[in-house]
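First comes the structure, then the notes that go with it.
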Amino acid sequence: MKVGVVTFPGSLDDVDAQRAVRLAGAEPVALWHGDHALKSVDAVILPGGFSYGDYLRCGAIARFAPVMREVVDAANGGMPVLGICNGFQILCESHLLPGALIRNDHRKFVCRDQRLRIDNAATAWTNGYEAGDEIVIPLKNGEGGFVADELTLDLLEGEGRVVARYLEDNPNGSMRDIAGITNERGNVVGLMPHPEHAVEDLCGPGTDGLPFFTSVLNALVAG
Amino acid sequence: MARVVVDVMPKPEILDPQGKAVHGALDRLGFGGVADVRQGKRFELEVEGEITEERLAEIRTLAETLLSNPVIEDFAVRVEEPVADEGLGA
């Protein structure tokens, strides 16, 4: 199994995402923002960071990178795509996911271990969890406030498309404590916290993030 | 040449933490009487040729797809001033 990890100018967590893919038992494939092909990968991760310096809006310029045309087509065709942090912002700007992410309501960058509840354990990226599982993974963002209109929020909740919610303190003002969502098909997932930083006991708060990367392998085998 | 200005503002119902931070600074600096501050963006496009309805429609599409995110922002497009093209540099 090959999982592509896109590097945009300003991506930070691409190497950690590649490492998480390797620890999960798949082969990471480096993709460049200027690529016009996905190099036969089976899934794609858009990693965290500050693509294009977060100029204009987070993810707004990355959306128009050549590789994103391929990623959007592949996602619409059912390929699993995970956007973490900046990757989540890019997925929203690309309209693969609804809503948007705005500056944290308290205006400060936040970096801490965050407790989450997995609400949807049926997506390509969360089938290794049980619905209701509580996990702790790092969170680090300045613009992580998930917003959408009431209609969209009701739709997301009604269709079970909220993948994860913040427990205890809401770290960034996200509406309805939403930390991650999925598309109707369940192959595209956006998540603000960082599962790729919680895949080894040596560093980070544990290995609670690893199932994101093993789940996609299950999904690919099943698919 | 003409200048087309695109103003982008956070939608009224969307929290604007930057505007709030500026508002807080006004109070600290002793500027009273300002009830609220909202911060947006202004883009100035120097457009070649004549500004036609088709050209403006293109710019509106540009404003909608790249310059603003309609989920969280509103935009307004206006032609600011016709810049005298001929005779410059004489």
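By convention in this document, the chains of the structure tokens carry letters A, B, ... by their order, each chain's residues are numbered from 1, and ligands are numbered from 1 in the order they are shown.
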Find the nearest atom pair between each residue of chain A and chain B for residues within 10 Å, count only C-alpha atoms, give distances in Å to one decimal, sort rows by chain and ascending number, and present the table as CSV.
```
residue,atom,partner,partner_atom,distance
A:Leu56,CA,B:Leu67,CA,7.3
A:Arg57,CA,B:Asn69,CA,8.4
A:Ala60,CA,B:Leu66,CA,6.9
A:Ile61,CA,B:Leu66,CA,7.8
A:Arg63,CA,B:Leu66,CA,9.3
A:Phe64,CA,B:Leu66,CA,8.9
A:Cys92,CA,B:Val71,CA,9.6
A:Glu93,CA,B:Asn69,CA,7.5
A:Ser94,CA,B:Thr65,CA,9.9
A:Pro98,CA,B:Val71,CA,8.5
A:Gly99,CA,B:Val71,CA,6.4
A:Ala100,CA,B:Val71,CA,6.6
A:Leu101,CA,B:Ile72,CA,8.8
A:Ile102,CA,B:Ile72,CA,8.4
A:Arg103,CA,B:Pro17,CA,6.6
A:Asn104,CA,B:Pro17,CA,7.4
A:Asp105,CA,B:Pro17,CA,5.9
A:His106,CA,B:Pro17,CA,7.3
A:Arg107,CA,B:Pro17,CA,6.1
A:Lys108,CA,B:Pro17,CA,9.9
A:Gly145,CA,B:Leu15,CA,9.7
A:Val147,CA,B:Ile14,CA,8.0
A:Ala148,CA,B:Val71,CA,7.0
A:Asp149,CA,B:Val71,CA,8.1
A:Gly173,CA,B:Leu15,CA,9.5
```
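These are the residues of chain B assigned helix (DSSP H, G or I) by DSSP from backbone coordinates: Pro17, Gln18, Gly19, Lys20, Ala21, Val22, His23, Gly24, Ala25, Leu26, Asp27, Arg28, Glu53, Glu54, Arg55, Leu56, Ala57, Glu58, Ile59, Arg60, Thr61, Leu62, Ala63, Glu64, Thr65, Leu66 and Leu67 of chain B.
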For the selection just defined, write its residues with N, CA and C atoms to a file, as a PDB file, in the first residue's frame.
```
ATOM      1  N   PRO B  17     -11.735  37.807  15.336  1.00  0.00           N
ATOM      2  CA  PRO B  17     -10.796  38.010  16.437  1.00  0.00           C
ATOM      3  C   PRO B  17      -9.801  39.147  16.181  1.00  0.00           C
ATOM      4  N   GLN B  18      -9.408  39.357  14.924  1.00  0.00           N
ATOM      5  CA  GLN B  18      -8.461  40.444  14.639  1.00  0.00           C
ATOM      6  C   GLN B  18      -9.092  41.798  14.908  1.00  0.00           C
ATOM      7  N   GLY B  19     -10.326  41.969  14.452  1.00  0.00           N
ATOM      8  CA  GLY B  19     -11.035  43.225  14.708  1.00  0.00           C
ATOM      9  C   GLY B  19     -11.173  43.476  16.197  1.00  0.00           C
ATOM     10  N   LYS B  20     -11.454  42.403  16.937  1.00  0.00           N
ATOM     11  CA  LYS B  20     -11.593  42.523  18.398  1.00  0.00           C
ATOM     12  C   LYS B  20     -10.275  42.969  19.032  1.00  0.00           C
ATOM     13  N   ALA B  21      -9.158  42.404  18.527  1.00  0.00           N
ATOM     14  CA  ALA B  21      -7.846  42.759  19.072  1.00  0.00           C
ATOM     15  C   ALA B  21      -7.555  44.237  18.811  1.00  0.00           C
ATOM     16  N   VAL B  22      -7.891  44.719  17.607  1.00  0.00           N
ATOM     17  CA  VAL B  22      -7.670  46.134  17.269  1.00  0.00           C
ATOM     18  C   VAL B  22      -8.551  47.014  18.154  1.00  0.00           C
ATOM     19  N   HIS B  23      -9.783  46.573  18.333  1.00  0.00           N
ATOM     20  CA  HIS B  23     -10.716  47.342  19.172  1.00  0.00           C
ATOM     21  C   HIS B  23     -10.179  47.468  20.590  1.00  0.00           C
ATOM     22  N   GLY B  24      -9.639  46.337  21.078  1.00  0.00           N
ATOM     23  CA  GLY B  24      -9.067  46.355  22.429  1.00  0.00           C
ATOM     24  C   GLY B  24      -7.903  47.338  22.527  1.00  0.00           C
ATOM     25  N   ALA B  25      -7.104  47.414  21.461  1.00  0.00           N
ATOM     26  CA  ALA B  25      -5.958  48.318  21.458  1.00  0.00           C
ATOM     27  C   ALA B  25      -6.424  49.775  21.453  1.00  0.00           C
ATOM     28  N   LEU B  26      -7.509  50.064  20.743  1.00  0.00           N
ATOM     29  CA  LEU B  26      -8.033  51.434  20.717  1.00  0.00           C
ATOM     30  C   LEU B  26      -8.353  51.903  22.130  1.00  0.00           C
ATOM     31  N   ASP B  27      -9.021  51.032  22.873  1.00  0.00           N
ATOM     32  CA  ASP B  27      -9.388  51.370  24.247  1.00  0.00           C
ATOM     33  C   ASP B  27      -8.138  51.663  25.067  1.00  0.00           C
ATOM     34  N   ARG B  28      -7.140  50.794  24.913  1.00  0.00           N
ATOM     35  CA  ARG B  28      -5.919  50.972  25.714  1.00  0.00           C
ATOM     36  C   ARG B  28      -5.194  52.259  25.361  1.00  0.00           C
ATOM     37  N   GLU B  53     -18.614  44.964 -18.883  1.00  0.00           N
ATOM     38  CA  GLU B  53     -19.417  44.122 -17.993  1.00  0.00           C
ATOM     39  C   GLU B  53     -18.835  42.710 -17.907  1.00  0.00           C
ATOM     40  N   GLU B  54     -18.332  42.207 -19.048  1.00  0.00           N
ATOM     41  CA  GLU B  54     -17.733  40.862 -19.067  1.00  0.00           C
ATOM     42  C   GLU B  54     -16.501  40.818 -18.166  1.00  0.00           C
ATOM     43  N   ARG B  55     -15.698  41.865 -18.270  1.00  0.00           N
ATOM     44  CA  ARG B  55     -14.467  41.943 -17.471  1.00  0.00           C
ATOM     45  C   ARG B  55     -14.826  41.964 -15.984  1.00  0.00           C
ATOM     46  N   LEU B  56     -15.833  42.746 -15.645  1.00  0.00           N
ATOM     47  CA  LEU B  56     -16.255  42.842 -14.243  1.00  0.00           C
ATOM     48  C   LEU B  56     -16.799  41.501 -13.750  1.00  0.00           C
ATOM     49  N   ALA B  57     -17.498  40.803 -14.643  1.00  0.00           N
ATOM     50  CA  ALA B  57     -18.038  39.497 -14.262  1.00  0.00           C
ATOM     51  C   ALA B  57     -16.887  38.534 -13.960  1.00  0.00           C
ATOM     52  N   GLU B  58     -15.836  38.601 -14.774  1.00  0.00           N
ATOM     53  CA  GLU B  58     -14.649  37.767 -14.524  1.00  0.00           C
ATOM     54  C   GLU B  58     -14.033  38.086 -13.166  1.00  0.00           C
ATOM     55  N   ILE B  59     -13.955  39.387 -12.896  1.00  0.00           N
ATOM     56  CA  ILE B  59     -13.330  39.804 -11.627  1.00  0.00           C
ATOM     57  C   ILE B  59     -14.189  39.358 -10.444  1.00  0.00           C
ATOM     58  N   ARG B  60     -15.510  39.392 -10.624  1.00  0.00           N
ATOM     59  CA  ARG B  60     -16.385  38.889  -9.552  1.00  0.00           C
ATOM     60  C   ARG B  60     -16.147  37.398  -9.310  1.00  0.00           C
ATOM     61  N   THR B  61     -15.948  36.666 -10.399  1.00  0.00           N
ATOM     62  CA  THR B  61     -15.655  35.233 -10.251  1.00  0.00           C
ATOM     63  C   THR B  61     -14.332  35.039  -9.512  1.00  0.00           C
ATOM     64  N   LEU B  62     -13.351  35.855  -9.880  1.00  0.00           N
ATOM     65  CA  LEU B  62     -12.049  35.806  -9.204  1.00  0.00           C
ATOM     66  C   LEU B  62     -12.209  36.107  -7.709  1.00  0.00           C
ATOM     67  N   ALA B  63     -13.033  37.131  -7.418  1.00  0.00           N
ATOM     68  CA  ALA B  63     -13.231  37.525  -6.021  1.00  0.00           C
ATOM     69  C   ALA B  63     -13.907  36.409  -5.238  1.00  0.00           C
ATOM     70  N   GLU B  64     -14.778  35.691  -5.906  1.00  0.00           N
ATOM     71  CA  GLU B  64     -15.564  34.642  -5.258  1.00  0.00           C
ATOM     72  C   GLU B  64     -14.742  33.372  -5.050  1.00  0.00           C
ATOM     73  N   THR B  65     -13.816  33.097  -5.969  1.00  0.00           N
ATOM     74  CA  THR B  65     -13.082  31.823  -5.900  1.00  0.00           C
ATOM     75  C   THR B  65     -11.763  31.935  -5.169  1.00  0.00           C
ATOM     76  N   LEU B  66     -11.052  33.049  -5.346  1.00  0.00           N
ATOM     77  CA  LEU B  66      -9.721  33.146  -4.745  1.00  0.00           C
ATOM     78  C   LEU B  66      -9.645  34.210  -3.653  1.00  0.00           C
ATOM     79  N   LEU B  67     -10.085  35.431  -3.984  1.00  0.00           N
ATOM     80  CA  LEU B  67      -9.859  36.542  -3.054  1.00  0.00           C
ATOM     81  C   LEU B  67     -10.685  36.425  -1.783  1.00  0.00           C
TER      82      LEU B  67
END
```
**Q.** Point-to-point distance in Å for atom CA of A:Asn187 and atom CA of B:Glu73
**A.**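 Atom-to-atom, atom CA of B:Glu73 and atom CA of A:Asn187 are spaced 27.9 Å apart.
In terms of minimum interatomic distance to A:Asp133, A:Arg165 ranks closest within A:His95, A:Arg165, A:Arg112, A:His194, counting only C-alpha atoms.
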